[in-house]
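Everything on this sheet refers to the single structure shown next.
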Amino acid sequence: MAKLKLALYWAASCGGCEIAQLMIGDKILKLIEAADIVFWPVAIDAKYDDVEAMPAKSIDVCLFNGAIRNSEQEHMAKMLREKSKILIAYGACACRGGIPGLGNLHDRQSIFNTVYRDTVSTEKNGNIFPQTLFRVSEGDLTLPVFYDTVSTLNQVVDVEYYIPGCPPEEKTTWLALEALLEGKLPPKGTVISHNVKAVCDECSRKRDIKKIKKIYRNFEIIPDAETCLLELGLLCTGVATRGGCGALCPQVNMPCTGCYGPVEGVIDQGAHFLSAIASVIDSKDEEEIRTIINDVLDPVGTCYRYSLPDSLVRRASLK
Amino acid sequence: MDDDIKIGVYVCHCGHNIADVIDVEDVAQRARKSGNVSVSRDYVYMCSSKGQNLIKQDIMQLGINRVVVAACSPRLYEQTFQNVLRESGLNPYLLQIANVREQCAWVHEAGLQATEKANRLVHGAIRRVSHHSPVEEQSVPVFPATLVIGGGIAGIQAALEIANSRHVVYLVEREPSIGGHMAQFDKTFPTLDCSACILTPKMNEVSRNPYIRLMTYSEVTDVSGYVGNFAVKVKRKARYIDEDKCVGCGICQEKCPWSTASEFDAGLGMRKAVYTPFPQAIPNIPVIDRERCVYFLKGKCRACEKVCEAQAINFEQEDMYIDLQVGSIIVATGFDVFDPTPIVQYGYGRLPNVFTSLEFERLCSPSGPTGGQLKLVSGRTPESVAIIHCVGSRDKNYNAYCSRVCCMHSLKYSHLFKEKTGGEVYQLYIDMRCAGKAYEEFYERVQGEHVHFIRGKLASIAAGVTDAEEDNLILTCEDTLLGNLINISVDMVVLCVALEPRHDTEQLSHILRLGRSHDGFFLERHPKLDPVATMSEGIFVVGCCQGPKDIPDTVAQASAASARALAMISKGKMEMGAITASVDEVVCSGCKVCNALCPYSAIFFDEISNVSRVNQVLCKGCNVCGAACPSGAISTRNFSTIQILAEIEGVLA
């Protein structure tokens, strides 16, 4: 049997997904045995031209991590789509937009203003922003176009499978790779994870009726080891987040932040979480309700931490 | 989209209601251009039989398999159009109504924009109905027994109506006897019938009817299950008297050496520690009040035991719990009267000869503490009385509502006072409300009896100082017709106190899962069109527990509720709403977010499977749980995310 041709690529991401891919540990030897890595910019020296030169559909599987927020990433997504038989959105950013997706609360100019002009550590030497084209005597220097809107991978190209997580757990990655190596492919569109249910299904904390009288930030209370964090008033998004991770965070007193994305079949993870919280606020008094929810300092960042571009509204309206 | 889907769109003119504002022909024409729409028509009244036939014909002849009706609110005619589908052999849930009347024609001015909005609403409905699939209707069998809670006139009437059609009724009454407030009244307005004379025969009928299982001195403590099959737990408080042995001779009451204030006489008379509340009590079996009985308090006496020839006294009795199975429940728990003590300026409890209306009833009653003689505390016959309306009613400090019966019983009191003493009567009223058959005529009659009607609210009552053996009462009030502040001196004052929800209504509302309206009374399903049903299927509310009302209205409601209960029994089954929520157990993580939310307590947690489940009989399809479910595991039939998104997309397209 011919060896599998594997490509790995990163777009708008932090690099954590690459680390996560290496986290499969000695299983990587198994992987190398069965697959040739034909493109992996973080580890193997290859140029875009090399990919360009590959025939269409010559890559068997491409693991693509990161969201799409500039023209270079879009270009590479399209190119890798053309060259790959199976394109997999790897990690929260490629699947749902991830942390960079929160950029959809802003636009290019306001992000540039912050990054290149307004931060305290930026030298105050006028309005100097990145340009897409700069002419010098040696020739033209170009930079990719930075978009107003961050997109998920499947908003740009067709995607076969999704591996969730920020970053995906080692066991989740291996579940996908194993299926690929064994040729046991799930139906197109499958989110590959050990669980279709929410994180609560895997969480060892004791669940009870939920009634929230006060919402806390993580540093404000030290939870006991037993009680459901949401019942304690910590906004644990585990109720609205696909399991498969093993409920690692809540078991070390950290509320789930939602990186495995919505539960199977759910459109708009953040809306579901928000609606659940709204339903369990324990008050009928409007003023009291306002007081309780005012403790949520960052509602979008809490409910949509990894999924704003994937939500029904997608972004804040552009002026 | 599915090629087999053939949608028919029917746009109603609703006479001029819709057609004058919206270009209905344009709506019909535009609908025809949407995908999967095979036919669209407009007609002057879609709800008429001719309009309905248009739909039927298209289903039969053109093979239409989805229907959109653009007309009034689905609350009005959805069932009618569902029937059209049913009669045409189509599942009734393959219908979607676009409300272009209340949500469009009635709220916009005629013009292009109104028509555009109607077009969008219709387009949303077209997109949505493509995602509809048949929904099966369910029914549950009805157990042919009924529970009536409360043995006042409402409960008595309801129990008799049902028992007379030979169906079992459990009548549960908390007091030792049935009869309720009506048994305490002297005369009834406007006919001045003796209350006991018309009530006692009905009470006797209750005791004789073999289909009525009467449980007095008992309370409902738990209700589970659902319409058609409720499981009820009744606490039968220990009477300490063997009901099978007692012959009702009354010797125990006669010989009991211990007395206390009689609740039945509103505290004005005395009763014994072993007692029946009044001579005509049903059942005529006393109870021993363990709070007052010296044997229970100090361990000595047992006088009653010694005199009881039937050997019916049993101090060893204990409270018993009885389980009942019933198909429906009629709640007839009545009212409490407002305690006017907090209105300190009226002096109730402080000034002698200031009475409440219920106390006045007992003073007038021949079986009351004075044998029907109107007497002041001193024993003298009063020469004048002031009857104060709206005490605790129509008063934002206490109850904003009108108690409805006070105007009429005030008139009755005027008449009775005149009849018994010939003295002066002052009526202090805000508005005279005498709506009812022969009520206005009664008002006129009493006006002719030289009663002083003063329109104004009483400010205060003070004790006047006179040479007589007891002080008279000086009333200060504004006469709003004269525009003057006036003082009136009287011997006696009657405060016509408000009718309030029973003090433990909250507790019963939890047991029965009943809603309550703003004023605290039980909430009916619809104030006009469904006044005795509640949002809990199979549970009805009648009489004053639903809101203040007079005896005729109470009796009418009791009859109405029993007709509803009997209809369920004769049908043998109850059709349940098909639009219910269900949990996708593959996805449910058992997070319990939904568990406390259901207003009908339809959600329960299955500890073994670690998932939440929805009881299909209790569920009303409100989708509160579905909205809350963070996993999207709960969906309500015909309100799936796909259907709702399709509708939104259709409207926005």
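FYI, nothing fancy with the structure tokens labels: chains A, B, ... in order, residues from 1 per chain, ligands from 1 as they appear.
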- With a distance threshold of 9 Å and counting only C-alpha atoms, extract the residues of chain A near chain B and express them as a VMD selection string. chain A and resid 196 to 202 207 to 211 237 to 242 262 to 267 269 to 280
For those residues, write N, CA and C atoms to a file as an mmCIF file, in the first residue's frame.
```cif
data_model
loop_
_atom_site.group_PDB
_atom_site.id
_atom_site.type_symbol
_atom_site.label_atom_id
_atom_site.label_comp_id
_atom_site.auth_asym_id
_atom_site.auth_seq_id
_atom_site.Cartn_x
_atom_site.Cartn_y
_atom_site.Cartn_z
ATOM 1 N N VAL A 196 -20.371 12.919 21.713
ATOM 2 C CA VAL A 196 -21.267 13.886 21.063
ATOM 3 C C VAL A 196 -21.993 14.715 22.117
ATOM 4 N N LYS A 197 -21.935 14.266 23.367
ATOM 5 C CA LYS A 197 -22.620 14.992 24.429
ATOM 6 C C LYS A 197 -21.749 16.117 24.968
ATOM 7 N N ALA A 198 -22.348 16.932 25.843
ATOM 8 C CA ALA A 198 -21.625 18.056 26.421
ATOM 9 C C ALA A 198 -20.586 17.578 27.445
ATOM 10 N N VAL A 199 -19.700 18.486 27.795
ATOM 11 C CA VAL A 199 -18.615 18.207 28.739
ATOM 12 C C VAL A 199 -19.138 17.639 30.059
ATOM 13 N N CYS A 200 -20.342 18.101 30.462
ATOM 14 C CA CYS A 200 -20.938 17.630 31.728
ATOM 15 C C CYS A 200 -20.981 16.114 31.795
ATOM 16 N N ASP A 201 -21.169 15.494 30.638
ATOM 17 C CA ASP A 201 -21.259 14.039 30.586
ATOM 18 C C ASP A 201 -19.980 13.385 31.114
ATOM 19 N N GLU A 202 -18.862 14.104 30.995
ATOM 20 C CA GLU A 202 -17.571 13.537 31.415
ATOM 21 C C GLU A 202 -17.088 14.115 32.735
ATOM 22 N N ARG A 207 -23.888 17.120 39.660
ATOM 23 C CA ARG A 207 -24.822 18.080 39.061
ATOM 24 C C ARG A 207 -26.143 18.094 39.812
ATOM 25 N N ASP A 208 -26.689 19.295 39.945
ATOM 26 C CA ASP A 208 -27.993 19.425 40.589
ATOM 27 C C ASP A 208 -28.788 20.507 39.855
ATOM 28 N N ILE A 209 -29.950 20.843 40.420
ATOM 29 C CA ILE A 209 -30.754 21.919 39.854
ATOM 30 C C ILE A 209 -29.919 23.201 39.845
ATOM 31 N N LYS A 210 -29.981 23.922 38.735
ATOM 32 C CA LYS A 210 -29.159 25.122 38.648
ATOM 33 C C LYS A 210 -29.978 26.381 38.897
ATOM 34 N N LYS A 211 -29.499 27.137 39.871
ATOM 35 C CA LYS A 211 -30.114 28.438 40.151
ATOM 36 C C LYS A 211 -28.989 29.386 40.499
ATOM 37 N N THR A 237 -18.774 26.913 30.660
ATOM 38 C CA THR A 237 -19.530 26.678 29.432
ATOM 39 C C THR A 237 -19.637 25.194 29.081
ATOM 40 N N GLY A 238 -19.217 24.350 30.006
ATOM 41 C CA GLY A 238 -19.278 22.906 29.756
ATOM 42 C C GLY A 238 -20.637 22.412 29.329
ATOM 43 N N VAL A 239 -21.686 23.036 29.851
ATOM 44 C CA VAL A 239 -23.048 22.613 29.501
ATOM 45 C C VAL A 239 -23.318 22.770 28.009
ATOM 46 N N ALA A 240 -22.611 23.708 27.362
ATOM 47 C CA ALA A 240 -22.904 24.016 25.967
ATOM 48 C C ALA A 240 -21.761 23.594 25.040
ATOM 49 N N THR A 241 -20.830 22.800 25.587
ATOM 50 C CA THR A 241 -19.624 22.479 24.835
ATOM 51 C C THR A 241 -19.475 20.977 24.651
ATOM 52 N N ARG A 242 -19.109 20.587 23.448
ATOM 53 C CA ARG A 242 -18.931 19.166 23.166
ATOM 54 C C ARG A 242 -17.844 18.572 24.050
ATOM 55 N N PRO A 262 -19.676 23.624 19.809
ATOM 56 C CA PRO A 262 -21.024 23.259 20.238
ATOM 57 C C PRO A 262 -21.226 21.747 20.249
ATOM 58 N N VAL A 263 -22.230 21.335 20.983
ATOM 59 C CA VAL A 263 -22.641 19.944 21.012
ATOM 60 C C VAL A 263 -23.213 19.579 19.645
ATOM 61 N N GLU A 264 -23.109 18.305 19.297
ATOM 62 C CA GLU A 264 -23.589 17.804 18.007
ATOM 63 C C GLU A 264 -24.967 18.388 17.654
ATOM 64 N N GLY A 265 -25.042 18.977 16.485
ATOM 65 C CA GLY A 265 -26.342 19.450 16.002
ATOM 66 C C GLY A 265 -26.685 20.876 16.376
ATOM 67 N N VAL A 266 -25.879 21.487 17.238
ATOM 68 C CA VAL A 266 -26.212 22.838 17.693
ATOM 69 C C VAL A 266 -25.697 23.889 16.717
ATOM 70 N N ILE A 267 -26.574 24.813 16.368
ATOM 71 C CA ILE A 267 -26.158 25.967 15.581
ATOM 72 C C ILE A 267 -26.002 27.109 16.584
ATOM 73 N N GLN A 269 -23.184 28.042 19.351
ATOM 74 C CA GLN A 269 -22.844 27.623 20.712
ATOM 75 C C GLN A 269 -23.087 28.727 21.738
ATOM 76 N N GLY A 270 -22.659 29.933 21.404
ATOM 77 C CA GLY A 270 -22.760 31.039 22.356
ATOM 78 C C GLY A 270 -24.201 31.364 22.700
ATOM 79 N N ALA A 271 -25.064 31.354 21.694
ATOM 80 C CA ALA A 271 -26.478 31.658 21.932
ATOM 81 C C ALA A 271 -27.086 30.615 22.855
ATOM 82 N N HIS A 272 -26.695 29.374 22.670
ATOM 83 C CA HIS A 272 -27.228 28.314 23.531
ATOM 84 C C HIS A 272 -26.751 28.488 24.966
ATOM 85 N N PHE A 273 -25.510 28.862 25.133
ATOM 86 C CA PHE A 273 -25.005 29.059 26.495
ATOM 87 C C PHE A 273 -25.687 30.258 27.155
ATOM 88 N N LEU A 274 -25.777 31.325 26.378
ATOM 89 C CA LEU A 274 -26.399 32.553 26.881
ATOM 90 C C LEU A 274 -27.841 32.280 27.305
ATOM 91 N N SER A 275 -28.549 31.536 26.459
ATOM 92 C CA SER A 275 -29.944 31.242 26.731
ATOM 93 C C SER A 275 -30.075 30.364 27.980
ATOM 94 N N ALA A 276 -29.127 29.455 28.159
ATOM 95 C CA ALA A 276 -29.151 28.595 29.347
ATOM 96 C C ALA A 276 -28.918 29.421 30.606
ATOM 97 N N ILE A 277 -27.949 30.321 30.544
ATOM 98 C CA ILE A 277 -27.661 31.164 31.708
ATOM 99 C C ILE A 277 -28.870 32.043 32.026
ATOM 100 N N ALA A 278 -29.446 32.627 30.982
ATOM 101 C CA ALA A 278 -30.625 33.477 31.178
ATOM 102 C C ALA A 278 -31.741 32.679 31.849
ATOM 103 N N SER A 279 -31.806 31.390 31.539
ATOM 104 C CA SER A 279 -32.893 30.563 32.075
ATOM 105 C C SER A 279 -32.691 30.197 33.533
ATOM 106 N N VAL A 280 -31.459 30.219 33.999
ATOM 107 C CA VAL A 280 -31.234 29.748 35.376
ATOM 108 C C VAL A 280 -30.885 30.878 36.357
#
```
- Give the helix (DSSP H, G or I) residues of region 162-227 of chain A, as assigned by DSSP on the backbone, as a VMD selection string. chain A and resid 170 to 181 199 to 202 218 to 220
Export, as an mmCIF file, in the first residue's frame, the selected residues with C-alpha atoms.
```cif
data_model
loop_
_atom_site.group_PDB
_atom_site.id
_atom_site.type_symbol
_atom_site.label_atom_id
_atom_site.label_comp_id
_atom_site.auth_asym_id
_atom_site.auth_seq_id
_atom_site.Cartn_x
_atom_site.Cartn_y
_atom_site.Cartn_z
ATOM 1 C CA GLU A 170 -3.868 14.225 22.067
ATOM 2 C CA LYS A 171 -6.486 11.484 22.192
ATOM 3 C CA THR A 172 -8.767 13.466 19.903
ATOM 4 C CA THR A 173 -5.987 13.984 17.386
ATOM 5 C CA TRP A 174 -5.097 10.331 17.467
ATOM 6 C CA LEU A 175 -8.766 9.305 17.094
ATOM 7 C CA ALA A 176 -8.811 11.192 13.806
ATOM 8 C CA LEU A 177 -5.405 10.024 12.590
ATOM 9 C CA GLU A 178 -6.201 6.420 13.443
ATOM 10 C CA ALA A 179 -9.422 6.589 11.455
ATOM 11 C CA LEU A 180 -7.504 8.024 8.517
ATOM 12 C CA LEU A 181 -4.730 5.475 8.714
ATOM 13 C CA VAL A 199 -18.615 18.207 28.739
ATOM 14 C CA CYS A 200 -20.938 17.630 31.728
ATOM 15 C CA ASP A 201 -21.259 14.039 30.586
ATOM 16 C CA GLU A 202 -17.571 13.537 31.415
ATOM 17 C CA ASN A 218 -12.598 32.717 38.506
ATOM 18 C CA PHE A 219 -10.337 34.432 41.012
ATOM 19 C CA GLU A 220 -13.158 35.461 43.300
#
```
- Message: Just want the 10 Å neighbourhood of Leu63 (chain A), counted on only C-alpha atoms, with same-chain residues fewer than 5 positions away dropped. Output as an NGL selection string.
- Response: :A and (6-10 or 21 or 40 or 80 or 84 or 86-91 or 94 or 161-163 or 177)
Using C-alpha atoms, can you export the residues from the last selection as a CSV table (one decimal), in the first residue's frame?
```
chain,number,residue,atom,x,y,z
A,6,LEU,CA,0.0,14.2,4.7
A,7,ALA,CA,0.1,18.0,4.7
A,8,LEU,CA,-0.1,20.3,7.8
A,9,TYR,CA,-0.7,24.0,7.7
A,10,TRP,CA,-1.3,26.9,9.9
A,21,GLN,CA,0.1,17.5,17.0
A,40,TRP,CA,4.5,21.3,7.2
A,80,LEU,CA,-4.5,23.2,-0.2
A,84,SER,CA,-6.0,17.7,-1.0
A,86,ILE,CA,-9.4,15.3,2.5
A,87,LEU,CA,-9.2,18.7,4.2
A,88,ILE,CA,-9.6,18.7,7.9
A,89,ALA,CA,-10.2,21.8,10.0
A,90,TYR,CA,-7.8,21.2,13.0
A,91,GLY,CA,-8.4,23.0,16.2
A,94,ALA,CA,-10.1,26.5,11.9
A,161,TYR,CA,-13.9,16.8,8.9
A,162,TYR,CA,-13.4,18.8,12.0
A,163,ILE,CA,-11.1,18.2,15.0
A,177,LEU,CA,-5.4,10.0,12.6
```
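One distance worth recording is that between CA of Ala281 (chain B) and CA of Leu171 (chain B), which is 15.1 Å.
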- In terms of the shortest atom-to-atom distance over only C-alpha atoms, which of B:Ile22, B:Val129, B:Val220, B:Ala31 is closest to Val107 (chain B)? B:Ile22
When you look at Asp295 (chain A) with a cut-off of 8 Å (counting only C-alpha atoms), what residues show up, excluding the ones that are within fewer than 2 positions of it in the same chain? I need them as a PDB file with C-alpha atoms, in the first residue's frame.
```pdb
ATOM      1  CA  LYS A 214     -24.523  35.608  41.806  1.00  0.00           C
ATOM      2  CA  ILE A 215     -21.965  35.254  39.053  1.00  0.00           C
ATOM      3  CA  TYR A 216     -18.310  35.114  40.020  1.00  0.00           C
ATOM      4  CA  THR A 291     -27.396  43.317  39.006  1.00  0.00           C
ATOM      5  CA  ILE A 292     -26.668  39.618  38.594  1.00  0.00           C
ATOM      6  CA  ILE A 293     -25.855  39.765  34.884  1.00  0.00           C
ATOM      7  CA  LEU A 297     -17.867  41.604  32.341  1.00  0.00           C
TER       8      LEU A 297
END
```
- Message: Please determine, counting only C-alpha atoms, which residue among B:Gly51, B:Ala145, B:Met574, B:Asp26 has the shortest atom-to-atom distance to Arg120 (chain B).
- Response: B:Asp26
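Within the 12 Å cut-off around Asp395 (chain B), using only C-alpha atoms and omitting residues fewer than 4 positions from it on the same chain, the listed residues are Ile343, His389, Cys390, Val391, Asn399, Ala400, Tyr401, Cys402, Ser403, Ile430, Lys457, Val497 and Ala498 of chain B.
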Those residues you just picked out, can you put them in a file as an mmCIF file, in the first residue's frame with C-alpha atoms?
```cif
data_model
loop_
_atom_site.group_PDB
_atom_site.id
_atom_site.type_symbol
_atom_site.label_atom_id
_atom_site.label_comp_id
_atom_site.auth_asym_id
_atom_site.auth_seq_id
_atom_site.Cartn_x
_atom_site.Cartn_y
_atom_site.Cartn_z
ATOM 1 C CA ILE B 343 -56.584 49.656 59.478
ATOM 2 C CA HIS B 389 -68.121 49.399 52.093
ATOM 3 C CA CYS B 390 -64.816 48.406 50.525
ATOM 4 C CA VAL B 391 -62.844 47.622 53.691
ATOM 5 C CA ASN B 399 -56.470 44.651 47.735
ATOM 6 C CA ALA B 400 -56.882 46.649 44.555
ATOM 7 C CA TYR B 401 -59.786 44.539 43.339
ATOM 8 C CA CYS B 402 -63.508 44.874 44.053
ATOM 9 C CA SER B 403 -64.817 42.034 46.211
ATOM 10 C CA ILE B 430 -67.649 54.469 47.138
ATOM 11 C CA LYS B 457 -64.815 56.689 52.250
ATOM 12 C CA VAL B 497 -64.381 43.255 54.583
ATOM 13 C CA ALA B 498 -62.738 42.037 51.398
#
```
With only C-alpha atoms as the counted atoms, please give the residues lying no more than 9 Å from region 74-77 of chain B, apart from itself and same-chain residues fewer than 2 positions off, as a PDB file with C-alpha atoms, in the first residue's frame.
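Heads up, here's the output in part05.pdb:
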```pdb
ATOM      1  CA  CYS B  47     -62.478  30.490   7.452  1.00  0.00           C
ATOM      2  CA  ALA B  71     -55.015  35.154   7.687  1.00  0.00           C
ATOM      3  CA  CYS B  72     -55.633  36.078  11.316  1.00  0.00           C
ATOM      4  CA  GLN B  79     -57.676  24.407  14.729  1.00  0.00           C
ATOM      5  CA  THR B  80     -60.239  25.061  12.015  1.00  0.00           C
ATOM      6  CA  PHE B  81     -57.636  24.828   9.289  1.00  0.00           C
ATOM      7  CA  GLN B  82     -56.010  21.839  10.959  1.00  0.00           C
ATOM      8  CA  GLN B  96     -48.454  26.993   8.795  1.00  0.00           C
ATOM      9  CA  ILE B  97     -50.370  30.189   9.444  1.00  0.00           C
ATOM     10  CA  ALA B  98     -48.935  33.554   8.455  1.00  0.00           C
ATOM     11  CA  ASN B  99     -50.607  36.083  10.703  1.00  0.00           C
TER      12      ASN B  99
END
```
- Item | Close residues, Gly180 (chain B) itself excluded, 7 Å, only C-alpha atoms, min 3 positions apart in chain, as a PyMOL selection string | chain B and resi 151-153+183
Grab the residues selected above and save them as a PDB file, in the first residue's frame with C-alpha atoms.
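This is the output file result04.pdb:
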```pdb
ATOM      1  CA  GLY B 151     -67.052  21.511  50.670  1.00  0.00           C
ATOM      2  CA  GLY B 152     -68.589  24.955  50.460  1.00  0.00           C
ATOM      3  CA  ILE B 153     -71.459  25.655  48.115  1.00  0.00           C
ATOM      4  CA  ALA B 183     -73.595  27.974  56.107  1.00  0.00           C
TER       5      ALA B 183
END
```
